[in-house]
file query.tsv (TSV, C-alpha atoms)
chain	number	residue	atom	x	y	z
P	1345	MET	CA	52.99	-32.26	-117.22
P	1346	GLN	CA	51.01	-33.21	-114.15
P	1347	MET	CA	53.95	-32.43	-111.87
P	1348	THR	CA	54.40	-29.02	-113.47
P	1349	GLY	CA	50.71	-28.28	-113.13
P	1350	SER	CA	50.76	-29.37	-109.50
P	1351	GLY	CA	53.79	-27.19	-108.76
P	1352	THR	CA	52.19	-24.19	-110.41
P	1353	SER	CA	49.00	-24.78	-108.48
P	1354	ASN	CA	50.89	-25.05	-105.19
P	1355	LYS	CA	52.79	-21.82	-105.88
P	1356	ALA	CA	49.54	-20.06	-106.73
P	1357	SER	CA	47.96	-21.34	-103.52
P	1358	ILE	CA	50.91	-20.19	-101.42
P	1359	PHE	CA	50.89	-16.78	-103.13
P	1360	HIS	CA	47.14	-16.52	-102.51
P	1361	ARG	CA	47.53	-17.30	-98.81
P	1362	TYR	CA	50.36	-14.79	-98.38
P	1363	LYS	CA	48.45	-12.12	-100.26
P	1364	ASN	CA	45.38	-12.57	-98.09
P	1365	ALA	CA	47.45	-12.63	-94.90
P	1366	ILE	CA	49.06	-9.32	-95.88
P	1367	LEU	CA	45.69	-7.82	-96.86
P	1368	ARG	CA	44.17	-8.92	-93.59
P	1369	ARG	CA	46.99	-7.42	-91.53
P	1370	LEU	CA	47.43	-4.16	-93.43
P	1371	TYR	CA	43.82	-3.53	-94.44
P	1372	TYR	CA	41.05	-5.47	-92.68
P	1373	ARG	CA	42.79	-5.90	-89.29
P	1374	ASN	CA	44.98	-2.82	-89.45
P	1375	PRO	CA	45.25	-1.59	-85.83
P	1376	ILE	CA	44.08	1.92	-86.76
P	1377	ASN	CA	41.05	0.52	-88.59
P	1378	ILE	CA	40.23	-1.75	-85.64
P	1379	TYR	CA	40.78	0.99	-83.05
P	1380	LEU	CA	38.51	3.46	-84.87
P	1381	GLY	CA	35.86	0.78	-85.29
P	1382	GLN	CA	35.97	0.03	-81.58
P	1383	LYS	CA	35.78	3.65	-80.47
P	1384	ILE	CA	33.29	4.96	-83.04
P	1385	TYR	CA	31.02	1.94	-83.58
P	1386	GLY	CA	31.65	-0.17	-80.48
P	1387	ASN	CA	32.53	-3.46	-82.14
P	1388	ASP	CA	35.66	-5.31	-83.22
P	1389	SER	CA	34.80	-5.56	-86.92
P	1390	GLY	CA	36.78	-2.49	-87.98
P	1391	CYS	CA	35.79	0.99	-89.09
P	1392	LEU	CA	35.77	0.03	-92.78
P	1393	ALA	CA	33.43	-2.90	-92.23
P	1394	ASN	CA	31.02	-0.60	-90.39
P	1395	VAL	CA	31.05	2.21	-92.93
P	1396	ILE	CA	30.93	-0.07	-95.98
P	1397	GLY	CA	28.22	-2.30	-94.52
P	1398	ARG	CA	25.93	0.64	-93.81
P	1399	LEU	CA	26.48	2.10	-97.28
P	1400	ALA	CA	25.90	-1.27	-98.95
P	1401	LEU	CA	22.60	-1.73	-97.14
P	1402	LYS	CA	21.39	1.77	-98.04
P	1403	LYS	CA	22.30	1.15	-101.67
P	1404	ASP	CA	20.41	-2.16	-101.75
P	1405	GLN	CA	17.37	-0.63	-100.08
P	1406	LEU	CA	17.26	2.14	-102.69
P	1407	LEU	CA	17.71	-0.25	-105.62
P	1408	SER	CA	15.38	-3.02	-104.45
P	1409	VAL	CA	12.19	-3.14	-106.50
P	1410	ASN	CA	8.94	-3.68	-104.53
P	1411	SER	CA	10.74	-3.52	-101.20
P	1412	PRO	CA	8.53	-5.35	-98.67
P	1413	VAL	CA	6.37	-3.65	-96.05
P	1414	ILE	CA	6.78	-5.09	-92.56
P	1415	PRO	CA	3.52	-6.70	-91.35
P	1416	ASN	CA	2.59	-6.82	-87.66
P	1417	ILE	CA	3.37	-10.55	-87.41
P	1418	TYR	CA	7.11	-9.82	-87.67
P	1419	SER	CA	7.43	-6.28	-86.35
P	1420	THR	CA	8.34	-7.13	-82.74
P	1421	ALA	CA	10.95	-9.73	-83.69
P	1422	ILE	CA	12.49	-7.50	-86.35
P	1423	ARG	CA	12.67	-4.57	-83.94
P	1424	GLN	CA	14.49	-6.79	-81.42
P	1425	LEU	CA	16.94	-7.98	-84.08
P	1426	LYS	CA	17.69	-4.40	-85.11
P	1427	GLU	CA	17.97	-3.06	-81.57
P	1428	ASN	CA	19.69	-5.96	-79.77
P	1429	GLY	CA	21.48	-7.62	-82.67
P	1430	TRP	CA	19.75	-10.97	-82.11
P	1431	VAL	CA	16.32	-12.59	-81.93
P	1432	ARG	CA	15.11	-16.13	-81.35
P	1433	LEU	CA	12.25	-17.68	-83.37
P	1434	ASN	CA	10.56	-20.79	-81.98
P	1435	ASN	CA	7.59	-21.30	-84.27
P	1436	ILE	CA	9.07	-22.26	-87.66
P	1437	ASP	CA	7.64	-25.54	-88.99
P	1438	PHE	CA	10.38	-27.59	-90.66
P	1439	GLY	CA	8.40	-30.84	-90.84
P	1440	GLU	CA	10.69	-33.88	-91.15
P	1441	LYS	CA	13.53	-31.96	-92.78
P	1442	LEU	CA	15.63	-31.70	-89.63
P	1443	THR	CA	15.31	-35.40	-88.82
P	1444	LEU	CA	16.60	-36.30	-92.28
P	1445	LEU	CA	19.36	-33.72	-91.99
P	1446	ARG	CA	20.39	-34.97	-88.55
P	1447	ASN	CA	20.68	-38.55	-89.81
P	1448	LYS	CA	22.82	-37.46	-92.76
P	1449	LEU	CA	25.08	-35.38	-90.53
P	1450	ASP	CA	25.54	-38.43	-88.26
P	1451	ALA	CA	26.71	-40.42	-91.28
P	1452	TYR	CA	28.98	-37.60	-92.44
P	1453	CYS	CA	30.64	-37.38	-89.02
P	1454	LEU	CA	31.18	-41.14	-88.86
P	1455	ASN	CA	32.98	-41.04	-92.21
P	1456	ASN	CA	35.24	-38.05	-91.51
P	1457	GLU	CA	38.06	-37.52	-89.05
P	1458	ILE	CA	37.59	-34.96	-86.30
P	1459	PRO	CA	40.10	-32.11	-86.83
P	1460	ASP	CA	42.26	-30.68	-84.04
P	1461	SER	CA	39.87	-27.73	-83.81
P	1462	GLN	CA	37.19	-30.23	-82.63
P	1463	ARG	CA	34.82	-28.65	-85.13
P	1464	LEU	CA	33.85	-30.91	-88.03
P	1465	GLU	CA	32.00	-29.07	-90.76
P	1466	ALA	CA	30.69	-29.21	-94.29
P	1467	SER	CA	30.57	-25.90	-96.16
P	1468	THR	CA	29.48	-24.48	-99.49
P	1469	ILE	CA	32.40	-22.03	-99.69
P	1470	GLY	CA	34.29	-22.50	-102.93
P	1471	GLY	CA	31.68	-24.86	-104.39
P	1472	SER	CA	28.24	-25.95	-103.28
P	1473	GLU	CA	27.38	-28.88	-105.56
P	1474	GLN	CA	28.72	-31.66	-103.36
P	1475	PHE	CA	27.27	-30.08	-100.22
P	1476	PHE	CA	23.74	-30.06	-101.62
P	1477	ILE	CA	24.12	-33.56	-103.03
P	1478	GLN	CA	24.88	-34.74	-99.50
P	1479	PHE	CA	22.42	-32.48	-97.70
P	1480	PRO	CA	19.58	-31.53	-100.09
P	1481	GLU	CA	17.23	-30.84	-97.14
P	1482	VAL	CA	19.23	-27.70	-96.31
P	1483	LYS	CA	17.63	-25.82	-99.18
P	1484	GLU	CA	14.16	-26.59	-97.81
P	1485	VAL	CA	15.11	-25.23	-94.39
P	1486	LEU	CA	15.09	-21.75	-95.95
P	1487	THR	CA	11.29	-21.65	-95.84
P	1488	ASP	CA	9.10	-19.00	-97.45
P	1489	GLU	CA	8.37	-17.68	-93.95
P	1490	LEU	CA	12.06	-17.22	-93.17
P	1491	GLN	CA	12.67	-15.57	-96.54
P	1492	ASP	CA	9.88	-13.09	-95.81
P	1493	PHE	CA	11.39	-12.35	-92.41
P	1494	ILE	CA	14.84	-11.67	-93.89
P	1495	ARG	CA	13.50	-9.38	-96.62
P	1496	GLN	CA	11.48	-7.43	-94.10
P	1497	TYR	CA	14.47	-7.10	-91.77
P	1498	TYR	CA	16.62	-5.69	-94.56
P	1499	GLY	CA	13.88	-3.64	-96.22
P	1500	ALA	CA	15.51	-5.04	-99.36
P	1501	HIS	CA	16.26	-8.32	-101.06
P	1502	PHE	CA	18.97	-10.61	-99.76
P	1503	LYS	CA	21.74	-12.95	-100.88
P	1504	ILE	CA	23.05	-16.13	-99.25
P	1505	LEU	CA	26.83	-16.00	-99.16
P	1506	ASN	CA	27.39	-19.51	-97.81
P	1507	VAL	CA	25.96	-22.31	-95.71
P	1508	HIS	CA	27.70	-24.38	-93.02
P	1509	LEU	CA	26.65	-27.56	-91.26
P	1510	TYR	CA	28.85	-28.54	-88.37
P	1511	ARG	CA	29.30	-30.50	-85.16
P	1512	ILE	CA	31.49	-29.47	-82.25
P	1513	TYR	CA	32.98	-31.99	-79.83
P	1514	PRO	CA	34.42	-31.85	-76.30
P	1515	VAL	CA	38.07	-30.79	-76.13
P	1516	PRO	CA	40.45	-33.70	-75.34
P	1517	GLU	CA	42.43	-33.32	-72.12
P	1518	ASP	CA	45.82	-33.09	-73.86
P	1519	LEU	CA	44.61	-30.13	-75.94
P	1520	ALA	CA	42.82	-28.49	-73.02
P	1521	GLN	CA	46.09	-28.41	-71.06
P	1522	ASN	CA	47.86	-26.51	-73.85
P	1523	ALA	CA	47.75	-22.82	-72.89
P	1524	ASP	CA	48.06	-21.77	-76.56
P	1525	TYR	CA	45.26	-24.00	-77.83
P	1526	ARG	CA	42.01	-22.29	-78.89
P	1527	PRO	CA	39.11	-24.67	-79.58
P	1528	TYR	CA	36.88	-24.43	-82.64
P	1529	GLY	CA	39.30	-22.32	-84.63
P	1530	ALA	CA	39.45	-19.58	-81.95
P	1531	THR	CA	35.65	-19.15	-82.05
P	1532	GLY	CA	35.76	-20.32	-78.44
P	1533	CYS	CA	36.85	-16.74	-77.62
P	1534	TRP	CA	34.44	-13.80	-77.51
P	1535	HIS	CA	34.73	-12.24	-80.95
P	1536	ASN	CA	33.06	-10.35	-83.79
P	1537	ASP	CA	33.27	-11.88	-87.25
P	1538	GLY	CA	34.70	-8.75	-88.84
P	1539	SER	CA	32.45	-8.86	-91.90
P	1540	THR	CA	30.74	-5.79	-93.31
P	1541	VAL	CA	28.07	-5.08	-90.73
P	1542	GLU	CA	24.99	-5.47	-92.92
P	1543	SER	CA	25.70	-9.22	-93.06
P	1544	ILE	CA	23.95	-11.44	-90.55
P	1545	LYS	CA	23.66	-15.14	-89.79
P	1546	PHE	CA	20.78	-17.33	-88.93
P	1547	PHE	CA	21.40	-20.49	-86.97
P	1548	VAL	CA	19.14	-23.53	-86.76
P	1549	LEU	CA	19.38	-26.16	-84.04
P	1550	ILE	CA	18.99	-29.51	-85.79
P	1551	ASN	CA	18.78	-31.38	-82.49
P	1552	ASP	CA	17.78	-30.45	-78.95
P	1553	VAL	CA	20.53	-28.47	-77.19
P	1554	ASP	CA	20.93	-27.85	-73.46
P	1555	GLU	CA	23.79	-26.30	-71.50
P	1556	THR	CA	25.74	-29.58	-71.40
P	1557	GLN	CA	26.10	-29.59	-75.19
P	1558	GLY	CA	28.19	-26.48	-75.59
P	1559	PRO	CA	25.57	-23.96	-76.77
P	1560	MET	CA	26.66	-20.84	-78.61
P	1561	HIS	CA	26.85	-17.78	-76.33
P	1562	VAL	CA	25.82	-14.29	-77.55
P	1563	ILE	CA	26.08	-10.80	-76.04
P	1564	SER	CA	23.71	-8.12	-77.33
P	1565	SER	CA	25.01	-5.32	-79.53
P	1566	ASP	CA	24.38	-2.73	-76.77
P	1567	ASP	CA	26.40	-4.68	-74.20
P	1568	THR	CA	29.04	-5.40	-76.83
P	1569	THR	CA	29.43	-1.66	-77.43
P	1570	LYS	CA	29.96	-0.99	-73.72
P	1571	ILE	CA	32.58	-3.74	-73.50
P	1572	ILE	CA	34.47	-2.89	-76.69
P	1573	ARG	CA	34.63	0.86	-76.07
P	1574	ASN	CA	36.09	0.31	-72.61
P	1575	LYS	CA	39.60	-0.56	-73.87
P	1576	TYR	CA	41.49	-1.67	-76.97
P	1577	TYR	CA	39.96	-5.12	-77.32
P	1578	ARG	CA	42.01	-8.19	-78.35
P	1579	PHE	CA	39.71	-11.16	-78.63
P	1580	MET	CA	42.42	-13.82	-78.31
P	1581	SER	CA	43.35	-12.52	-74.85
P	1582	ASP	CA	40.52	-10.30	-73.58
P	1583	GLY	CA	37.84	-12.64	-74.94
P	1584	LEU	CA	38.83	-15.87	-73.21
P	1585	PRO	CA	35.93	-17.84	-71.68
P	1586	GLY	CA	35.38	-16.83	-68.08
P	1587	SER	CA	36.92	-13.38	-68.64
P	1588	PRO	CA	35.47	-10.36	-66.77
P	1589	ILE	CA	33.34	-9.33	-69.75
P	1590	GLU	CA	30.94	-12.15	-68.90
P	1591	GLN	CA	30.08	-10.35	-65.66
P	1592	GLN	CA	29.49	-7.11	-67.59
P	1593	ALA	CA	26.77	-8.40	-69.88
P	1594	ASP	CA	23.65	-10.52	-70.12
P	1595	VAL	CA	24.92	-13.66	-71.87
P	1596	ILE	CA	22.35	-15.39	-74.09
P	1597	LYS	CA	22.85	-19.15	-74.42
P	1598	PHE	CA	21.41	-20.61	-77.61
P	1599	THR	CA	19.67	-23.64	-76.17
P	1600	GLY	CA	16.34	-25.05	-77.25
P	1601	GLN	CA	14.51	-27.76	-79.11
P	1602	ALA	CA	15.41	-28.87	-82.60
P	1603	GLY	CA	14.09	-26.29	-85.04
P	1604	THR	CA	14.80	-23.27	-82.84
P	1605	VAL	CA	16.17	-20.42	-84.97
P	1606	LEU	CA	18.49	-17.62	-83.90
P	1607	PHE	CA	19.08	-14.57	-86.10
P	1608	ALA	CA	22.14	-12.60	-85.02
P	1609	ASN	CA	24.52	-9.98	-86.32
P	1610	PRO	CA	27.92	-11.57	-85.58
P	1611	ASN	CA	29.70	-8.36	-86.52
P	1612	THR	CA	28.06	-6.23	-83.82
P	1613	CYS	CA	27.36	-8.90	-81.17
P	1614	LEU	CA	30.20	-10.60	-79.35
P	1615	HIS	CA	29.69	-14.35	-79.42
P	1616	ARG	CA	31.58	-17.57	-78.75
P	1617	ALA	CA	31.23	-21.32	-78.74
P	1618	SER	CA	31.20	-23.19	-75.45
P	1619	ILE	CA	32.58	-26.67	-74.86
P	1620	PRO	CA	30.26	-29.69	-74.64
P	1621	SER	CA	30.49	-31.99	-71.64
P	1622	SER	CA	32.26	-35.32	-72.07
P	1623	GLY	CA	30.30	-37.59	-74.39
P	1624	LYS	CA	28.14	-34.74	-75.73
P	1625	SER	CA	28.25	-32.70	-78.93
P	1626	ARG	CA	26.36	-29.85	-80.57
P	1627	ASP	CA	25.11	-29.61	-84.16
P	1628	MET	CA	24.27	-26.41	-86.02
P	1629	LEU	CA	23.13	-25.28	-89.44
P	1630	VAL	CA	24.21	-21.74	-90.37
P	1631	PHE	CA	23.26	-19.45	-93.25
P	1632	TYR	CA	25.44	-16.36	-93.86
P	1633	LEU	CA	23.37	-13.55	-95.40
P	1634	THR	CA	23.85	-10.12	-96.89
P	1635	SER	CA	21.48	-7.58	-98.37
P	1636	SER	CA	20.96	-7.40	-102.12
P	1637	SER	CA	19.19	-5.26	-104.69
P	1638	LYS	CA	18.11	-8.38	-106.62
P	1639	PRO	CA	15.53	-11.00	-105.62
P	1640	LEU	CA	16.85	-14.36	-104.44
P	1641	GLU	CA	17.11	-16.84	-107.31
P	1642	LYS	CA	15.19	-20.12	-107.09
P	1643	ASN	CA	18.46	-21.99	-107.55
P	1644	TRP	CA	20.26	-19.83	-104.98
P	1645	GLU	CA	22.25	-22.84	-103.74
P	1646	THR	CA	24.48	-22.82	-106.83
P	1647	ASP	CA	25.73	-19.34	-105.93
P	1648	ALA	CA	26.11	-19.77	-102.15
P	1649	ILE	CA	29.86	-20.24	-102.48
P	1650	TYR	CA	31.43	-17.08	-101.09
P	1651	GLN	CA	33.49	-16.01	-98.12
P	1652	GLN	CA	32.29	-13.32	-95.75
P	1653	CYS	CA	32.44	-9.73	-97.03
P	1654	LEU	CA	35.39	-7.78	-95.62
P	1655	GLY	CA	36.18	-4.74	-97.73
P	1656	ILE	CA	35.13	-2.08	-100.20
P	1657	SER	CA	34.44	-4.67	-102.92
P	1658	ARG	CA	31.13	-5.31	-101.11
P	1659	LEU	CA	29.83	-1.99	-102.45
P	1660	PHE	CA	30.28	-3.36	-105.96
P	1661	ASN	CA	28.88	-6.81	-105.14
P	1662	ILE	CA	32.24	-8.50	-105.68
P	1663	TYR	CA	32.46	-11.59	-103.48
P	1664	ARG	CA	35.40	-13.89	-102.74
P	1665	LYS	CA	35.31	-17.66	-103.13
P	1666	HIS	CA	38.47	-18.35	-101.13
P	1667	GLN	CA	40.42	-16.83	-98.25
call {"tool": "encode", "arguments": {"input": "query.tsv", "output": "structure tokens"}}
result
Amino acid sequence: MQMTGSGTSNKASIFHRYKNAILRRLYYRNPINIYLGQKIYGNDSGCLANVIGRLALKKDQLLSVNSPVIPNIYSTAIRQLKENGWVRLNNIDFGEKLTLLRNKLDAYCLNNEIPDSQRLEASTIGGSEQFFIQFPEVKEVLTDELQDFIRQYYGAHFKILNVHLYRIYPVPEDLAQNADYRPYGATGCWHNDGSTVESIKFFVLINDVDETQGPMHVISSDDTTKIIRNKYYRFMSDGLPGSPIEQQADVIKFTGQAGTVLFANPNTCLHRASIPSSGKSRDMLVFYLTSSSKPLEKNWETDAIYQQCLGISRLFNIYRKHQ
């Protein structure tokens, strides 16, 4: 009985992977969809992701009850986020939460093998219970102040799709010499996430990060548009580190003290990881957000289990747990 169940489960998993690979190729990453998205919207997320994301946000803004009014304290930062696709916040008080989180991530990394991608992560996708048992401080990082900022940015309520906590390591020499190797799951190339474009991320440095620790690099949405519209963009070739696009844009390096926050739209801003120097690493906490017509639940962590939003199902608030 167990063997039969295991075989059925494996077949279902294989079918699921093939189905999603076909969907991604024929629907989400269809060349026509990507080309139109690049030429019309100036990003590599696809025309559908742009159209659907804008419609989803409008719908949520219309349906949100008591939609917040933006106070002066946030207006400049929110305007920068909307206009440039990113903004850095340096004044959020996390107390001792990040110290506790850093210590627990150290223990997690000691007890888990580093994958070939050189990115070791814990994620809530597919199920969040174990994640929050290990890292309960993560919930407290989403402070009331940050929640207010997010609601005011959207002009609506918001939902947390998933949370990631990860560490990136230097690339070993044998992998670095492989011309086909892409570190950190290809996020070492300049790319857009390809999610519906209302979705954004906010990143929190949980330790001090300088340029030797492989900070994340970001290009503003305006510069991204100029780059993407210039040619048919293929991130795995055109987006290699050191490529000419880095001379065509102002590259923002996410360095700073522990507790520095970066809000960014990864679907309209090109971004990539950089490689830490030998003996260094870089830690990051990431929340993936989307707009919503319903207020955030107090126990939001139990529902932060979804993949990024890619297609028309986002208009109907249908989210995927697995790829």
call {"tool": "closest_residue", "arguments": {"input": "query.tsv", "among": "P:Asn1506, P:Thr1443, P:Gln1491, P:Asn1551", "to": "Ala1466 in chain P", "atoms": "all atoms listed in the file"}}
result
P:Asn1506
call {"tool": "atom_distance", "arguments": {"input": "query.tsv", "atom1": "CA of Leu1640 in chain P", "atom2": "CA of His1501 in chain P"}}
result
6.9 Å
call {"tool": "closest_residue", "arguments": {"input": "query.tsv", "among": "P:Lys1638, P:Lys1665, P:Lys1575, P:Lys1597", "to": "Lys1383 in chain P", "atoms": "only C-alpha atoms"}}
result
P:Lys1575
call {"tool": "closest_residue", "arguments": {"input": "query.tsv", "among": "P:Gly1538, P:Asn1377, P:Ser1461, P:Pro1639", "to": "Leu1407 in chain P", "atoms": "all atoms listed in the file"}}
result
P:Pro1639
call {"tool": "closest_residue", "arguments": {"input": "query.tsv", "among": "P:Ser1625, P:Thr1569, P:Gln1474, P:Thr1420", "to": "Val1553 in chain P", "atoms": "only C-alpha atoms"}}
result
P:Ser1625
call {"tool": "closest_residue", "arguments": {"input": "query.tsv", "among": "P:Arg1463, P:Arg1573, P:Lys1441, P:Arg1495", "to": "Tyr1418 in chain P", "atoms": "all atoms listed in the file"}}
result
P:Arg1495
call {"tool": "residues_around", "arguments": {"input": "query.tsv", "residues": "Lys1403 in chain P", "least_positions_apart": "2", "cutoff": "10 Å", "atoms": "only C-alpha atoms", "output": "PyMOL selection string"}}
result
chain P and resi 1397-1401+1405-1408+1500+1635-1637+1659
call {"tool": "write_last_selection", "arguments": {"input": "query.tsv", "atoms": "C-alpha atoms", "output": "compact mmCIF listing (two decimals), keeping the file's coordinate frame"}}
result
# COMPACT_ATOMS: atom_id res chain seq x y z
CA GLY P 1397 28.22 -2.30 -94.52
CA ARG P 1398 25.93 0.64 -93.81
CA LEU P 1399 26.48 2.10 -97.28
CA ALA P 1400 25.90 -1.27 -98.95
CA LEU P 1401 22.60 -1.73 -97.14
CA GLN P 1405 17.37 -0.63 -100.08
CA LEU P 1406 17.26 2.14 -102.69
CA LEU P 1407 17.71 -0.25 -105.62
CA SER P 1408 15.38 -3.02 -104.45
CA ALA P 1500 15.51 -5.04 -99.36
CA SER P 1635 21.48 -7.58 -98.37
CA SER P 1636 20.96 -7.40 -102.12
CA SER P 1637 19.19 -5.26 -104.69
CA LEU P 1659 29.83 -1.99 -102.45
call {"tool": "atom_distance", "arguments": {"input": "query.tsv", "atom1": "CA of Glu1465 in chain P", "atom2": "CA of Arg1526 in chain P"}}
result
16.9 Å
call {"tool": "atom_distance", "arguments": {"input": "query.tsv", "atom1": "CA of Leu1464 in chain P", "atom2": "CA of Ile1662 in chain P"}}
result
28.6 Å
call {"tool": "residues_around", "arguments": {"input": "query.tsv", "residues": "Asp1594 in chain P", "least_positions_apart": "5", "cutoff": "8 Å", "atoms": "all atoms listed in the file", "output": "number ranges by chain"}}
result
P: 1563-1564, 1567
call {"tool": "residues_around", "arguments": {"input": "query.tsv", "residues": "range 1600-1607 of chain P", "least_positions_apart": "3", "cutoff": "8 Å", "atoms": "only C-alpha atoms", "output": "PyMOL selection string"}}
result
chain P and resi 1425+1430-1438+1442+1544-1554
call {"tool": "write_last_selection", "arguments": {"input": "query.tsv", "atoms": "C-alpha atoms", "output": "PDB file, keeping the file's coordinate frame"}}
result
ATOM      1  CA  LEU P1425      16.940  -7.980 -84.080  1.00  0.00           C
ATOM      2  CA  TRP P1430      19.750 -10.970 -82.110  1.00  0.00           C
ATOM      3  CA  VAL P1431      16.320 -12.590 -81.930  1.00  0.00           C
ATOM      4  CA  ARG P1432      15.110 -16.130 -81.350  1.00  0.00           C
ATOM      5  CA  LEU P1433      12.250 -17.680 -83.370  1.00  0.00           C
ATOM      6  CA  ASN P1434      10.560 -20.790 -81.980  1.00  0.00           C
ATOM      7  CA  ASN P1435       7.590 -21.300 -84.270  1.00  0.00           C
ATOM      8  CA  ILE P1436       9.070 -22.260 -87.660  1.00  0.00           C
ATOM      9  CA  ASP P1437       7.640 -25.540 -88.990  1.00  0.00           C
ATOM     10  CA  PHE P1438      10.380 -27.590 -90.660  1.00  0.00           C
ATOM     11  CA  LEU P1442      15.630 -31.700 -89.630  1.00  0.00           C
ATOM     12  CA  ILE P1544      23.950 -11.440 -90.550  1.00  0.00           C
ATOM     13  CA  LYS P1545      23.660 -15.140 -89.790  1.00  0.00           C
ATOM     14  CA  PHE P1546      20.780 -17.330 -88.930  1.00  0.00           C
ATOM     15  CA  PHE P1547      21.400 -20.490 -86.970  1.00  0.00           C
ATOM     16  CA  VAL P1548      19.140 -23.530 -86.760  1.00  0.00           C
ATOM     17  CA  LEU P1549      19.380 -26.160 -84.040  1.00  0.00           C
ATOM     18  CA  ILE P1550      18.990 -29.510 -85.790  1.00  0.00           C
ATOM     19  CA  ASN P1551      18.780 -31.380 -82.490  1.00  0.00           C
ATOM     20  CA  ASP P1552      17.780 -30.450 -78.950  1.00  0.00           C
ATOM     21  CA  VAL P1553      20.530 -28.470 -77.190  1.00  0.00           C
ATOM     22  CA  ASP P1554      20.930 -27.850 -73.460  1.00  0.00           C
TER      23      ASP P1554
END
call {"tool": "closest_residue", "arguments": {"input": "query.tsv", "among": "P:Ile1572, P:Ile1422, P:Val1515, P:Ile1376", "to": "Pro1620 in chain P", "atoms": "all atoms listed in the file"}}
result
P:Val1515
call {"tool": "residues_near_point", "arguments": {"input": "query.tsv", "point": "(42.2, -1.8, -89.4)", "cutoff": "10 Å", "atoms": "all atoms listed in the file", "output": "PDB file with C-alpha atoms, in the frame of the given file"}}
result
ATOM      1  CA  ARG P1368      44.170  -8.920 -93.590  1.00  0.00           C
ATOM      2  CA  ARG P1369      46.990  -7.420 -91.530  1.00  0.00           C
ATOM      3  CA  LEU P1370      47.430  -4.160 -93.430  1.00  0.00           C
ATOM      4  CA  TYR P1371      43.820  -3.530 -94.440  1.00  0.00           C
ATOM      5  CA  TYR P1372      41.050  -5.470 -92.680  1.00  0.00           C
ATOM      6  CA  ARG P1373      42.790  -5.900 -89.290  1.00  0.00           C
ATOM      7  CA  ASN P1374      44.980  -2.820 -89.450  1.00  0.00           C
ATOM      8  CA  PRO P1375      45.250  -1.590 -85.830  1.00  0.00           C
ATOM      9  CA  ILE P1376      44.080   1.920 -86.760  1.00  0.00           C
ATOM     10  CA  ASN P1377      41.050   0.520 -88.590  1.00  0.00           C
ATOM     11  CA  ILE P1378      40.230  -1.750 -85.640  1.00  0.00           C
ATOM     12  CA  TYR P1379      40.780   0.990 -83.050  1.00  0.00           C
ATOM     13  CA  LEU P1380      38.510   3.460 -84.870  1.00  0.00           C
ATOM     14  CA  GLY P1381      35.860   0.780 -85.290  1.00  0.00           C
ATOM     15  CA  ASP P1388      35.660  -5.310 -83.220  1.00  0.00           C
ATOM     16  CA  SER P1389      34.800  -5.560 -86.920  1.00  0.00           C
ATOM     17  CA  GLY P1390      36.780  -2.490 -87.980  1.00  0.00           C
ATOM     18  CA  CYS P1391      35.790   0.990 -89.090  1.00  0.00           C
ATOM     19  CA  LEU P1392      35.770   0.030 -92.780  1.00  0.00           C
ATOM     20  CA  ALA P1393      33.430  -2.900 -92.230  1.00  0.00           C
TER      21      ALA P1393
END
call {"tool": "residues_around", "arguments": {"input": "query.tsv", "residues": "Ser1565 in chain P", "least_positions_apart": "3", "cutoff": "6 Å", "atoms": "all atoms listed in the file", "output": "VMD selection string"}}
result
chain P and resid 1428 to 1429 1568 1612 to 1613
